[in-house]
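Q: structure07.cif is reproduced in full below (mmCIF, C-alpha atoms and all ligand atoms).
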data_input
#
loop_
_atom_site.label_atom_id
_atom_site.label_comp_id
_atom_site.auth_asym_id
_atom_site.auth_seq_id
_atom_site.Cartn_x
_atom_site.Cartn_y
_atom_site.Cartn_z
CA MET A 1 7.88 -10.67 -11.64
CA ARG A 2 10.26 -9.46 -8.95
CA GLY A 3 12.08 -6.16 -8.65
CA SER A 4 12.04 -3.45 -6.04
CA GLY A 5 9.37 -4.36 -3.52
CA ILE A 6 9.09 -0.74 -2.42
CA ALA A 7 8.69 0.59 -5.97
CA ARG A 8 6.04 -2.03 -6.70
CA GLU A 9 4.20 -1.42 -3.46
CA LYS A 10 4.10 2.29 -4.30
CA ARG A 11 2.49 1.48 -7.65
CA THR A 12 0.02 -0.88 -5.97
CA VAL A 13 -0.93 1.58 -3.23
CA SER A 14 -1.29 4.36 -5.78
CA ALA A 15 -3.63 2.24 -7.91
CA MET A 16 -5.68 1.32 -4.83
CA VAL A 17 -6.01 4.88 -3.54
CA ARG A 18 -6.94 6.16 -7.02
CA MET A 19 -9.57 3.43 -7.42
CA TYR A 20 -11.02 4.22 -3.99
CA CYS A 21 -11.14 7.97 -4.62
CA ARG A 22 -12.71 7.56 -8.05
CA ASP A 23 -15.40 5.12 -6.86
CA ILE A 24 -16.11 6.40 -3.35
CA HIS A 25 -15.36 10.13 -3.65
CA GLY A 26 -16.36 10.42 -7.31
CA ARG A 27 -13.09 12.04 -8.33
CA ARG A 28 -11.09 11.46 -11.51
CA ASP A 29 -8.11 13.21 -9.92
CA LEU A 30 -7.30 12.59 -6.26
CA CYS A 31 -9.20 14.57 -3.62
CA GLU A 32 -7.13 16.38 -1.01
CA ASP A 33 -7.62 13.68 1.61
CA CYS A 34 -6.62 10.81 -0.68
CA SER A 35 -3.72 12.82 -2.07
CA SER A 36 -2.40 13.36 1.49
CA LEU A 37 -2.85 9.67 2.26
CA LEU A 38 -0.92 8.65 -0.85
CA SER A 39 1.93 11.11 -0.16
CA TYR A 40 2.05 9.93 3.44
CA SER A 41 2.29 6.27 2.40
CA GLU A 42 5.05 7.08 -0.10
CA ARG A 43 7.04 8.88 2.59
CA LYS A 44 6.61 5.90 4.91
CA LEU A 45 7.69 3.47 2.20
CA ASP A 46 10.78 5.58 1.47
CA ALA A 47 11.68 5.54 5.18
CA CYS A 48 10.75 1.88 5.77
CA PRO A 49 13.28 0.34 8.21
CA PHE A 50 12.96 -3.06 6.51
CA LYS A 51 14.21 -1.71 3.15
CA ASP A 52 14.51 -4.53 0.59
CA THR A 53 13.30 -7.20 3.01
CA LYS A 54 10.11 -5.34 3.83
CA PRO A 55 6.86 -7.22 4.14
CA THR A 56 3.74 -5.71 2.64
CA CYS A 57 2.57 -2.97 4.99
CA ALA A 58 -0.62 -4.93 5.69
CA ARG A 59 1.48 -7.73 7.25
CA CYS A 60 4.01 -5.53 9.00
CA THR A 61 4.61 -6.00 12.71
CA VAL A 62 5.89 -2.43 13.17
CA HIS A 63 3.03 -0.46 11.59
CA CYS A 64 4.74 2.89 11.33
CA TYR A 65 1.54 4.69 10.26
CA GLU A 66 -0.15 7.01 12.74
CA ALA A 67 -3.60 5.76 13.82
CA SER A 68 -5.74 8.05 11.64
CA MET A 69 -3.75 7.33 8.49
CA ARG A 70 -3.76 3.64 9.25
CA ALA A 71 -7.56 3.69 9.55
CA LYS A 72 -7.87 5.51 6.22
CA MET A 73 -5.54 3.09 4.49
CA ARG A 74 -7.46 0.17 5.94
CA SER A 75 -10.66 1.51 4.34
CA VAL A 76 -8.87 1.88 1.01
CA MET A 77 -7.48 -1.66 1.20
CA ARG A 78 -10.82 -3.13 2.20
CA TYR A 79 -12.50 -1.54 -0.82
CA SER A 80 -9.80 -1.74 -3.46
CA GLY A 81 -8.06 -4.98 -2.46
CA PRO A 82 -10.63 -7.39 -3.90
CA ARG A 83 -11.14 -5.20 -7.00
CA MET A 84 -7.44 -5.13 -7.85
CA PHE A 85 -7.65 -8.61 -9.40
CA ILE A 86 -10.13 -7.33 -11.97
CA ARG A 87 -8.67 -3.89 -12.69
CA HIS A 88 -4.94 -4.38 -12.06
CA PRO A 89 -4.37 -8.16 -12.16
CA VAL A 90 -0.59 -8.02 -12.69
CA LEU A 91 -0.01 -5.74 -9.68
CA ALA A 92 -2.49 -7.73 -7.61
CA ILE A 93 -0.78 -11.05 -8.30
CA ALA A 94 2.68 -9.60 -7.56
CA HIS A 95 1.35 -8.12 -4.33
CA VAL A 96 -0.07 -11.46 -3.18
CA SER A 97 3.25 -13.08 -4.06
CA ASP A 98 5.06 -10.51 -1.89
CA ARG A 99 2.66 -11.22 0.97
CA ARG A 100 3.42 -14.93 0.79
CA THR A 101 7.16 -14.76 0.40
CA ARG A 102 8.24 -11.80 2.50
CA SER A 103 8.18 -11.56 6.25
CA PRO A 104 9.22 -8.85 8.68
CA ARG A 105 12.77 -9.07 9.95
CA LYS A 106 14.39 -7.00 12.62
CA VAL A 107 16.80 -4.54 11.07
CA ARG A 108 20.27 -4.65 12.59
CA GLY A 109 20.91 -1.69 14.86
CA THR A 110 17.25 -0.75 15.32
S1 LIG B 201 4.11 -0.29 7.82
FE1 LIG B 201 5.96 -1.56 8.12
S2 LIG B 201 6.50 -2.29 6.06
FE2 LIG B 201 5.10 -0.54 5.79
S3 LIG B 201 6.45 1.25 5.59
FE3 LIG B 201 5.91 1.08 7.78
S4 LIG B 201 7.57 -0.11 8.70
FE4 LIG B 201 7.69 -0.41 6.46
ZN ZN B 202 -10.60 10.81 -2.35
#
Here is the file; what I need is its structure written in the form of structure tokens.

A:
Amino acid sequence: MRGSGIAREKRTVSAMVRMYCRDIHGRRDLCEDCSSLLSYSERKLDACPFKDTKPTCARCTVHCYEASMRAKMRSVMRYSGPRMFIRHPVLAIAHVSDRRTRSPRKVRGT
């Protein structure tokens, strides 16, 4: 199951943030903090310098997130990552596949 890595990573991150907010913050819709985090990650994915050759953000050598957002996303990943295989197995398997097969490359001109 290939396709746009960025589009799929957006779906994966969205599922992870929603799971985290529902379980940890007790919200069915996203709380303000998690909503900002998700919007922030989508903006970063849209502006990713690696484009179609991007690694998963967790394996990126650039780490374009600011420190506070990176810390929040790390908490989300730590909680939701292992649970993805139970609740969103298709996305989880595709994400692991991306982690194994993609690696950061320097973008020409940057
Ligand atoms: S962390 Fe790396 S892979 Fe993720 S959006 Fe930023 S530059 Fe791209
Ligand atoms: Zn939340």

Q: Return the single residue from A:Val17, A:Pro55, A:Arg43, A:Thr12 that is closest to Cys31 in chain A, with distances computed using only C-alpha atoms.

A: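 Looking only at the distances to Cys31 in chain A, the closest residue turns out to be A:Val17.
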
Q: Would you please work out which residue, of A:Leu38, A:Leu30, A:Ala67, A:Val62, is nearest to Ser14 in chain A when using all atoms listed in the file?

A: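 Result for the nearest residue to Ser14 in chain A: A:Leu38.
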
Q: Please identify all protein, DNA and RNA residues within 7 Å of ligand ZN 202 (chain B), counting all atoms listed in the file, and report them as a list in words.

A: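 The residues within 7 Å of ligand ZN 202 (chain B), counting all atoms listed in the file, are Tyr20, Cys21, Arg22, His25, Arg27, Leu30, Cys31, Glu32, Asp33 and Cys34 of chain A.
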
Q: With 7 Å as the cut-off and only C-alpha atoms and all ligand atoms counted, what is the closest atom pair between each nearby residue of chain A and ligand LIG 201 (chain B)? Distances in Å to one decimal, ordered by chain and number, as a Markdown table.

A:
| residue | atom | partner | partner_atom | distance |
| --- | --- | --- | --- | --- |
| A:Lys44 | CA | B:LIG201 | S3 | 4.7 |
| A:Leu45 | CA | B:LIG201 | S3 | 4.2 |
| A:Ala47 | CA | B:LIG201 | S3 | 6.8 |
| A:Cys48 | CA | B:LIG201 | FE4 | 3.9 |
| A:Pro49 | CA | B:LIG201 | S4 | 5.7 |
| A:Phe50 | CA | B:LIG201 | FE4 | 5.9 |
| A:Lys54 | CA | B:LIG201 | S2 | 5.2 |
| A:Pro55 | CA | B:LIG201 | S2 | 5.3 |
| A:Thr56 | CA | B:LIG201 | S2 | 5.6 |
| A:Cys57 | CA | B:LIG201 | FE2 | 3.6 |
| A:Ala58 | CA | B:LIG201 | S1 | 7.0 |
| A:Cys60 | CA | B:LIG201 | FE1 | 4.5 |
| A:Thr61 | CA | B:LIG201 | FE1 | 6.5 |
| A:Val62 | CA | B:LIG201 | FE1 | 5.1 |
| A:His63 | CA | B:LIG201 | S1 | 3.9 |
| A:Cys64 | CA | B:LIG201 | FE3 | 4.2 |
| A:Tyr65 | CA | B:LIG201 | S1 | 6.1 |

Q: Next, the residues of the selection above should be written as a PDB file, keeping the file's coordinate frame with C-alpha atoms.

A:
ATOM      1  CA  LYS A  44       6.610   5.900   4.910  1.00  0.00           C
ATOM      2  CA  LEU A  45       7.690   3.470   2.200  1.00  0.00           C
ATOM      3  CA  ALA A  47      11.680   5.540   5.180  1.00  0.00           C
ATOM      4  CA  CYS A  48      10.750   1.880   5.770  1.00  0.00           C
ATOM      5  CA  PRO A  49      13.280   0.340   8.210  1.00  0.00           C
ATOM      6  CA  PHE A  50      12.960  -3.060   6.510  1.00  0.00           C
ATOM      7  CA  LYS A  54      10.110  -5.340   3.830  1.00  0.00           C
ATOM      8  CA  PRO A  55       6.860  -7.220   4.140  1.00  0.00           C
ATOM      9  CA  THR A  56       3.740  -5.710   2.640  1.00  0.00           C
ATOM     10  CA  CYS A  57       2.570  -2.970   4.990  1.00  0.00           C
ATOM     11  CA  ALA A  58      -0.620  -4.930   5.690  1.00  0.00           C
ATOM     12  CA  CYS A  60       4.010  -5.530   9.000  1.00  0.00           C
ATOM     13  CA  THR A  61       4.610  -6.000  12.710  1.00  0.00           C
ATOM     14  CA  VAL A  62       5.890  -2.430  13.170  1.00  0.00           C
ATOM     15  CA  HIS A  63       3.030  -0.460  11.590  1.00  0.00           C
ATOM     16  CA  CYS A  64       4.740   2.890  11.330  1.00  0.00           C
ATOM     17  CA  TYR A  65       1.540   4.690  10.260  1.00  0.00           C
TER      18      TYR A  65
END

Q: Check the smallest atom-to-atom distance from each of A:Glu66, A:Met16, A:Gly26, A:Asp52 to Tyr40 in chain A using all atoms listed in the file, then report the winner.

A: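 Among the listed residues, the smallest separation from Tyr40 in chain A belongs to A:Glu66.
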
Q: Between A:Ala94, A:Ile24, A:Leu37, A:Met77, which one has atoms that come closest to Ala7 in chain A, using all atoms listed in the file?

A: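 Of all the options, A:Ala94 lies closest to Ala7 in chain A.
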
Q: Using Å and a single decimal, report how far CA of Met84 in chain A sits from CA of Ser39 in chain A.

A: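 Taking CA of Ser39 in chain A and CA of Met84 in chain A, their separation equals 20.3 Å.
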
Q: How many Å lie between CA of Asp46 in chain A and CA of Ser97 in chain A, rounded to one decimal?

A: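 Here the two named atoms are 20.9 Å from each other.
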
Q: Just the number, please: distance in Å from CA of Arg74 in chain A to CA of Ala15 in chain A, one decimal.

A: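 Straight-line distance from CA of Arg74 in chain A to CA of Ala15 in chain A works out to 14.5 Å.
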
Q: As a ChimeraX atom specification, please: the residues near Ala92 in chain A (cut-off 12 Å, all atoms listed in the file, same-chain neighbours under 6 positions excluded).

A: /A:1,8-9,11-13,15-16,77,80-86,98-99

Q: Counting only C-alpha atoms, figure out which residue out of A:Arg28, A:Thr53, A:Arg59, A:Met19 gets nearest to Val96 in chain A.

A: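 The closest residue to Val96 in chain A is A:Arg59.
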
Q: Pick the closest to Val76 in chain A from A:Ile93, A:Lys10, A:Gly5, A:Arg18: which is it, counting only C-alpha atoms?

A: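 Looking only at the distances to Val76 in chain A, the closest residue turns out to be A:Arg18.
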